[in-house]
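Colleague: Provided herewith is a single structure, encoded as structure tokens, for subsequent inquiry.
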Amino acid sequence: MPDPDSQATPDPSPLRVLVDLNRCQAYAQCCYAAPAHFAIEGREALFYDPAPPAGMRAEIERARISCPVQAIRVEVPGQGLL
Amino acid sequence: MSAAASPDRAVVVGSGLAGLRGAEAMRRAGFTGSLTLVGAEAHRPYDRPPLSKHVLTGAVAADATTLPSLVPLEAEWRLGTAATGLDRKNARVHLADGSSLPYDRLLIATGTRARAWPNPHEGRLAGVHTLRSREDAAALRGALAAGQRRVLVIGGGFIGCEMASACAALGIPVTLVEPSATPLARVLGTHLGDVIGAMHAARGVEMRCGTEVEWLEDDGRGRVVRAHLAGGGHVETDLVVVALGAVRNTEWLADSGLGADAGGLDCDADGHALDSEGRADTRIAAAGDVARFPHPLYDGRRVALEHWGHAVAQAEHAGRLLAGRRPDRPYAAVPTFWSTQHGINIKSVGLTEGADGFVIAQGSPKEGRFLAVYGRAGRCIAALSIDCARWLPAYAAQVAARAPFPPIRGATDQPADLAVLPPGFP
Ligand SMILES: Cc1cc2nc3c(=O)[nH]c(=O)nc-3n(C[C@H](O)[C@H](O)[C@H](O)COP(=O)(O)OP(=O)(O)OC[C@H]3O[C@@H](n4cnc5c(N)ncnc54)[C@H](O)[C@@H]3O)c2cc1C
Ligand code: SF4
């Protein structure tokens, strides 16, 4: 995951990812699909990257589709919802 | 349709989570008129929950939580411009830049702000923070990344607890001061609040419950150095986070004739705004943290919820309503909430207020993994899950159905007897 405190130029238009954590059941399927951007912390707390780089689109899309409770939403800025 | 003859203008005031989802719901429900979103903040709607969690630890950048749009809005955005008044007679919203917007349908979603430290001089000292916005989170992240000798968190609600948890994760010494006997006492009661407090203490948070910060001392150059506690004693600190809850953003409605105060804007069961006499204004609906409404699950008690899931669900309801869809039943979504502290997943459904007992229905607090069900007058009213989320939907259904309390049994890993305990609300 990029270090947000670093001075590196940010991705111009990263994806916008949102997980409904009320709905999430920590099944972790998203974590297998895109391990760099979804992770289970502790026993069952999902951590996700809300702004993965646009180049990760295929992995993020796999994560979205694999979620058994459809808790993941992804927008490609300028192109709409995946 | 007589679209050309009557201009149809929708205005959304407050472009946070509820404003965005409400606007989307209007479009989804077929609203084709003009749509304007007014927002005091200069940003597109963004998500707040990460601000008190991974933004503080540095895993997520403060400006990385822009919300995805779920529907093309084709809206005009008036960002960085607060609404300053509502003139219902002429159906206009007045804005801070002196302009005004006419409306035929109005969604009010101005949310809340962090309650300030009661002493304004002390509240302005360098090193004294609150946490609500992206900028607040960026400032706190900057201060934490620079290293602190000791952080002092004032208030043991959810945001205070998450703040303390982030400090612990970063290895920064942190003290949490809470006037009640335990953190989260108002929401969970002191019995389970104590379990949460022990969880924090075990991970290095210095818990100072049952006392209050009386005043903040500065170094003579405007920077906080010390907090003085009621009854003597003090905490040396260079970063103070005031986490004393939220105040509803209703001041701009003061002359509108609507029933609004610091506790929220009153709505009827459909979500229409009520005037100060209790009459519905059917051109106006409200949603999210700002709305106070009678909840059917709780005998019509008026509640104002500060929950992410509620902001979404009520905004969708209000958006459909404003688009002209008559709801077949009043808004009655079961309140849901989550928080993560020290990697522990805390989830709740329902409202615990007024509970006269609770049971541990799954797991055990000793193992740090359990599900508690709260009851009132023989009905299930809420459930709390600590690292037990897979059990929650079953109990959520019982809360939604107002099932008899204590809840039905039958699961294999339930404790032997469901002893009903007093929640211990302060
Ligand atoms: C740090 C933090 C962490 C949270 N964590 C969780 C969590 O883990 N789980 C959970 O369930 N909930 C959580 N919440 C609560 C959740 O974020 C809120 O319930 C949600 O943001 C409410 O959305 P809203 O749109 O009603 O209000 P807001 O998000 O407050 O949006 C209202 C918007 O209206 C704007 N506004 C105010 N007055 C005016 C005006 N006069 N004119 C124009 N615009 C105006 C504000 O600037 C703001 O942008 C958290 C909140 C915070 C602050
Ligand atoms: S796949 Fe879905 S339910 Fe599972 S952890 Fe990811 S978001 Fe949660």
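We label chains A, B, ... in the order they appear in the structure tokens, count residues from 1 in each chain, and number ligands from 1 in the order shown.
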Please provide as JSON, numbers by chain all residues within 9 Å of region 58-73 of chain A, with the sequence filter that same-chain residues fewer than 6 positions apart are discarded (counting only C-alpha atoms).
Modeller: {"A": [15, 16, 17, 18, 19, 20, 21, 22, 23, 24, 25, 27, 28, 29, 30, 31, 32, 33, 34, 35, 37, 38, 52, 81, 82], "B": [68, 70]}
Colleague: Near chain A, which residues of chain B fall within 7 Å when you count only C-alpha atoms, and what do they look like as a list of chain:residue names?
Modeller: B:Gly58, B:Ala59, B:Val60, B:Ala61, B:Ala64, B:Thr65, B:Thr66, B:Leu67, B:Pro68, B:Ser69, B:Leu70, B:Thr336, B:Phe337, B:Trp338, B:Thr340, B:Gly343, B:Ile344, B:Asn345, B:Asp387, B:Ala389, B:Arg390
Colleague: Can you work out which residues are within 6 Å of ligand 1, considering only C-alpha atoms and all ligand atoms, and then hand them over as a PyMOL selection string?
Modeller: chain B and resi 13-19+38-41+48-49+51-52+82-84+109-112+131-132+249+252+288-290+306-309+311+337-339
Colleague: Considering only C-alpha atoms, return as a PyMOL selection string whatever protein or nucleic-acid residues lie within 8 Å of Ala138 (chain B), sequence-local ones (same chain, fewer than 3 positions apart) excluded.
Modeller: chain B and resi 55-56+61-62+134-135+141-142
Colleague: Only C-alpha atoms, please: the residues just picked out, written as a CSV table (one decimal), in the first residue's frame.
Modeller:
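Below you can see again-v2.csv, which holds the result:
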chain,number,residue,atom,x,y,z
B,55,VAL,CA,-6.1,7.8,8.5
B,56,LEU,CA,-4.7,8.4,12.0
B,61,ALA,CA,-4.4,9.4,3.3
B,62,ALA,CA,-6.9,11.9,4.8
B,134,ARG,CA,-10.9,15.5,6.5
B,135,GLU,CA,-8.8,18.6,7.6
B,141,ARG,CA,-2.3,12.6,11.5
B,142,GLY,CA,0.4,15.2,11.0
Colleague: Using DSSP on the backbone, list every residue of region 109-166 of chain B that comes out as alpha helix (DSSP H), and give them as number ranges by chain.
Modeller: B: 120-123, 134-145, 158-166
Colleague: Using the selection just defined, write its residues with N, CA and C atoms as a PDB file, in the first residue's frame.
Modeller:
ATOM      1  N   PRO B 120     -13.616  28.443  25.225  1.00  0.00           N
ATOM      2  CA  PRO B 120     -13.156  28.741  23.866  1.00  0.00           C
ATOM      3  C   PRO B 120     -11.669  29.084  23.798  1.00  0.00           C
ATOM      4  N   HIS B 121     -11.156  29.783  24.805  1.00  0.00           N
ATOM      5  CA  HIS B 121      -9.730  30.129  24.788  1.00  0.00           C
ATOM      6  C   HIS B 121      -8.884  28.845  24.824  1.00  0.00           C
ATOM      7  N   GLU B 122      -9.227  27.946  25.743  1.00  0.00           N
ATOM      8  CA  GLU B 122      -8.465  26.699  25.842  1.00  0.00           C
ATOM      9  C   GLU B 122      -8.649  25.834  24.592  1.00  0.00           C
ATOM     10  N   GLY B 123      -9.857  25.903  24.044  1.00  0.00           N
ATOM     11  CA  GLY B 123     -10.141  25.103  22.853  1.00  0.00           C
ATOM     12  C   GLY B 123      -9.313  25.529  21.648  1.00  0.00           C
ATOM     13  N   ARG B 134     -12.132  15.941   7.158  1.00  0.00           N
ATOM     14  CA  ARG B 134     -10.901  15.542   6.500  1.00  0.00           C
ATOM     15  C   ARG B 134      -9.719  16.386   6.991  1.00  0.00           C
ATOM     16  N   GLU B 135      -9.931  17.691   7.112  1.00  0.00           N
ATOM     17  CA  GLU B 135      -8.849  18.570   7.567  1.00  0.00           C
ATOM     18  C   GLU B 135      -8.471  18.252   9.012  1.00  0.00           C
ATOM     19  N   ASP B 136      -9.495  18.006   9.847  1.00  0.00           N
ATOM     20  CA  ASP B 136      -9.206  17.642  11.243  1.00  0.00           C
ATOM     21  C   ASP B 136      -8.326  16.400  11.280  1.00  0.00           C
ATOM     22  N   ALA B 137      -8.683  15.411  10.470  1.00  0.00           N
ATOM     23  CA  ALA B 137      -7.950  14.139  10.477  1.00  0.00           C
ATOM     24  C   ALA B 137      -6.535  14.338   9.958  1.00  0.00           C
ATOM     25  N   ALA B 138      -6.377  15.180   8.922  1.00  0.00           N
ATOM     26  CA  ALA B 138      -5.036  15.428   8.380  1.00  0.00           C
ATOM     27  C   ALA B 138      -4.167  16.105   9.435  1.00  0.00           C
ATOM     28  N   ALA B 139      -4.750  17.060  10.168  1.00  0.00           N
ATOM     29  CA  ALA B 139      -3.980  17.760  11.201  1.00  0.00           C
ATOM     30  C   ALA B 139      -3.567  16.789  12.307  1.00  0.00           C
ATOM     31  N   LEU B 140      -4.494  15.921  12.706  1.00  0.00           N
ATOM     32  CA  LEU B 140      -4.168  14.954  13.754  1.00  0.00           C
ATOM     33  C   LEU B 140      -3.125  13.954  13.270  1.00  0.00           C
ATOM     34  N   ARG B 141      -3.272  13.491  12.048  1.00  0.00           N
ATOM     35  CA  ARG B 141      -2.285  12.561  11.505  1.00  0.00           C
ATOM     36  C   ARG B 141      -0.899  13.201  11.484  1.00  0.00           C
ATOM     37  N   GLY B 142      -0.843  14.459  11.065  1.00  0.00           N
ATOM     38  CA  GLY B 142       0.431  15.175  11.033  1.00  0.00           C
ATOM     39  C   GLY B 142       1.057  15.229  12.415  1.00  0.00           C
ATOM     40  N   ALA B 143       0.232  15.545  13.411  1.00  0.00           N
ATOM     41  CA  ALA B 143       0.750  15.658  14.778  1.00  0.00           C
ATOM     42  C   ALA B 143       1.210  14.300  15.297  1.00  0.00           C
ATOM     43  N   LEU B 144       0.451  13.240  14.992  1.00  0.00           N
ATOM     44  CA  LEU B 144       0.834  11.907  15.465  1.00  0.00           C
ATOM     45  C   LEU B 144       2.112  11.438  14.776  1.00  0.00           C
ATOM     46  N   ALA B 145       2.220  11.729  13.476  1.00  0.00           N
ATOM     47  CA  ALA B 145       3.404  11.293  12.729  1.00  0.00           C
ATOM     48  C   ALA B 145       4.651  12.014  13.238  1.00  0.00           C
ATOM     49  N   PHE B 158     -17.362   6.642  20.988  1.00  0.00           N
ATOM     50  CA  PHE B 158     -16.733   5.855  19.932  1.00  0.00           C
ATOM     51  C   PHE B 158     -15.510   6.553  19.356  1.00  0.00           C
ATOM     52  N   ILE B 159     -15.622   7.848  19.068  1.00  0.00           N
ATOM     53  CA  ILE B 159     -14.491   8.534  18.442  1.00  0.00           C
ATOM     54  C   ILE B 159     -13.321   8.605  19.404  1.00  0.00           C
ATOM     55  N   GLY B 160     -13.587   8.879  20.683  1.00  0.00           N
ATOM     56  CA  GLY B 160     -12.512   8.909  21.668  1.00  0.00           C
ATOM     57  C   GLY B 160     -11.825   7.553  21.771  1.00  0.00           C
ATOM     58  N   CYS B 161     -12.613   6.491  21.795  1.00  0.00           N
ATOM     59  CA  CYS B 161     -12.035   5.143  21.894  1.00  0.00           C
ATOM     60  C   CYS B 161     -11.217   4.797  20.655  1.00  0.00           C
ATOM     61  N   GLU B 162     -11.703   5.196  19.474  1.00  0.00           N
ATOM     62  CA  GLU B 162     -10.946   4.897  18.257  1.00  0.00           C
ATOM     63  C   GLU B 162      -9.642   5.699  18.221  1.00  0.00           C
ATOM     64  N   MET B 163      -9.720   6.934  18.683  1.00  0.00           N
ATOM     65  CA  MET B 163      -8.529   7.779  18.765  1.00  0.00           C
ATOM     66  C   MET B 163      -7.477   7.121  19.660  1.00  0.00           C
ATOM     67  N   ALA B 164      -7.914   6.673  20.836  1.00  0.00           N
ATOM     68  CA  ALA B 164      -6.990   6.037  21.779  1.00  0.00           C
ATOM     69  C   ALA B 164      -6.383   4.784  21.157  1.00  0.00           C
ATOM     70  N   SER B 165      -7.225   4.044  20.431  1.00  0.00           N
ATOM     71  CA  SER B 165      -6.756   2.822  19.799  1.00  0.00           C
ATOM     72  C   SER B 165      -5.689   3.121  18.743  1.00  0.00           C
ATOM     73  N   ALA B 166      -5.884   4.205  17.964  1.00  0.00           N
ATOM     74  CA  ALA B 166      -4.890   4.569  16.944  1.00  0.00           C
ATOM     75  C   ALA B 166      -3.565   4.940  17.603  1.00  0.00           C
TER      76      ALA B 166
END
Colleague: Taking only region 21-115 of chain B into account, list the residues labelled strand (DSSP E) by DSSP (computed from the backbone), as a PyMOL selection string.
Modeller: chain B and resi 34-39+76-79+83-87+92-95+100-102+105-108+112-114
Colleague: Restricting the calculation to only C-alpha atoms: of B:Val187, B:Ala269, B:Cys167, B:Ala254, which residue gets closest to Gly354 (chain B)?
Modeller: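 Comparing B:Val187, B:Ala269, B:Cys167, B:Ala254 against Gly354 (chain B), the winner is B:Val187.
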Colleague: To one decimal in Å, tell me the separation between CA of Asp299 (chain B) and CA of Leu184 (chain B).
Modeller: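 Calculated distance between CA of Asp299 (chain B) and CA of Leu184 (chain B) is 24.3 Å.
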Colleague: Select, from B:Pro327, B:Pro179, B:Gly193, B:Pro173, the residue with the minimum atom-to-atom distance to Gly271 (chain B), counting only C-alpha atoms.
Modeller: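 That would be B:Pro327, the residue with the smallest distance to Gly271 (chain B).
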Colleague: Quick one: of B:Arg113, B:Arg223, B:Arg78, B:Arg27, who's nearest to Gly263 (chain B), counting only C-alpha atoms?
Modeller: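 Closest to Gly263 (chain B), using only C-alpha atoms: B:Arg113.
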Colleague: I need the residue nearest Leu351 (chain B) from this list: B:Pro335, B:Ala185, B:Asp266, B:Pro426. Use only C-alpha atoms for the distance.
Modeller: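 For Leu351 (chain B), the nearest of the given residues is B:Pro335.
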Colleague: Excluding same-chain residues fewer than 6 positions from Arg149 (chain B), what lies within 9 Å of it counting only C-alpha atoms, as a tab-separated table (two decimals) with N, CA, C and O atoms, in the first residue's frame?
Modeller:
chain	number	residue	atom	x	y	z
B	172	ILE	N	2.19	5.40	20.75
B	172	ILE	CA	2.23	6.71	21.41
B	172	ILE	C	1.47	6.61	22.73
B	172	ILE	O	0.32	6.18	22.74
B	173	PRO	N	2.09	7.00	23.85
B	173	PRO	CA	1.39	6.95	25.13
B	173	PRO	C	0.09	7.75	25.07
B	173	PRO	O	0.08	8.86	24.52
B	174	VAL	N	-0.98	7.20	25.62
B	174	VAL	CA	-2.28	7.87	25.51
B	174	VAL	C	-3.08	7.66	26.79
B	174	VAL	O	-3.07	6.57	27.37
B	236	GLU	N	0.24	15.39	31.92
B	236	GLU	CA	1.16	16.12	31.04
B	236	GLU	C	0.87	15.66	29.61
B	236	GLU	O	0.89	14.46	29.34
B	237	THR	N	0.63	16.59	28.73
B	237	THR	CA	0.27	16.19	27.36
B	237	THR	C	0.67	17.25	26.36
B	237	THR	O	0.74	18.43	26.70
B	238	ASP	N	0.95	16.83	25.14
B	238	ASP	CA	1.20	17.83	24.09
B	238	ASP	C	0.15	17.76	22.98
B	238	ASP	O	0.20	18.53	22.03
B	239	LEU	N	-0.79	16.82	23.11
B	239	LEU	CA	-1.85	16.73	22.10
B	239	LEU	C	-3.14	16.31	22.79
B	239	LEU	O	-3.20	15.23	23.38
Colleague: CA of Ala202 (chain B) to CA of Thr57 (chain B): how many Å, to one decimal?
Modeller: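 Result for CA of Ala202 (chain B) versus CA of Thr57 (chain B): 19.3 Å, one decimal.
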Colleague: Calculate how many Å separate atom 8 (Fe, counted along the ligand's line) of ligand 2 from CA of Ala198 (chain B), rounding to one decimal.
Modeller: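 One can read the atom 8 (Fe, counted along the ligand's line) of ligand 2 to CA of Ala198 (chain B) distance as 27.4 Å.
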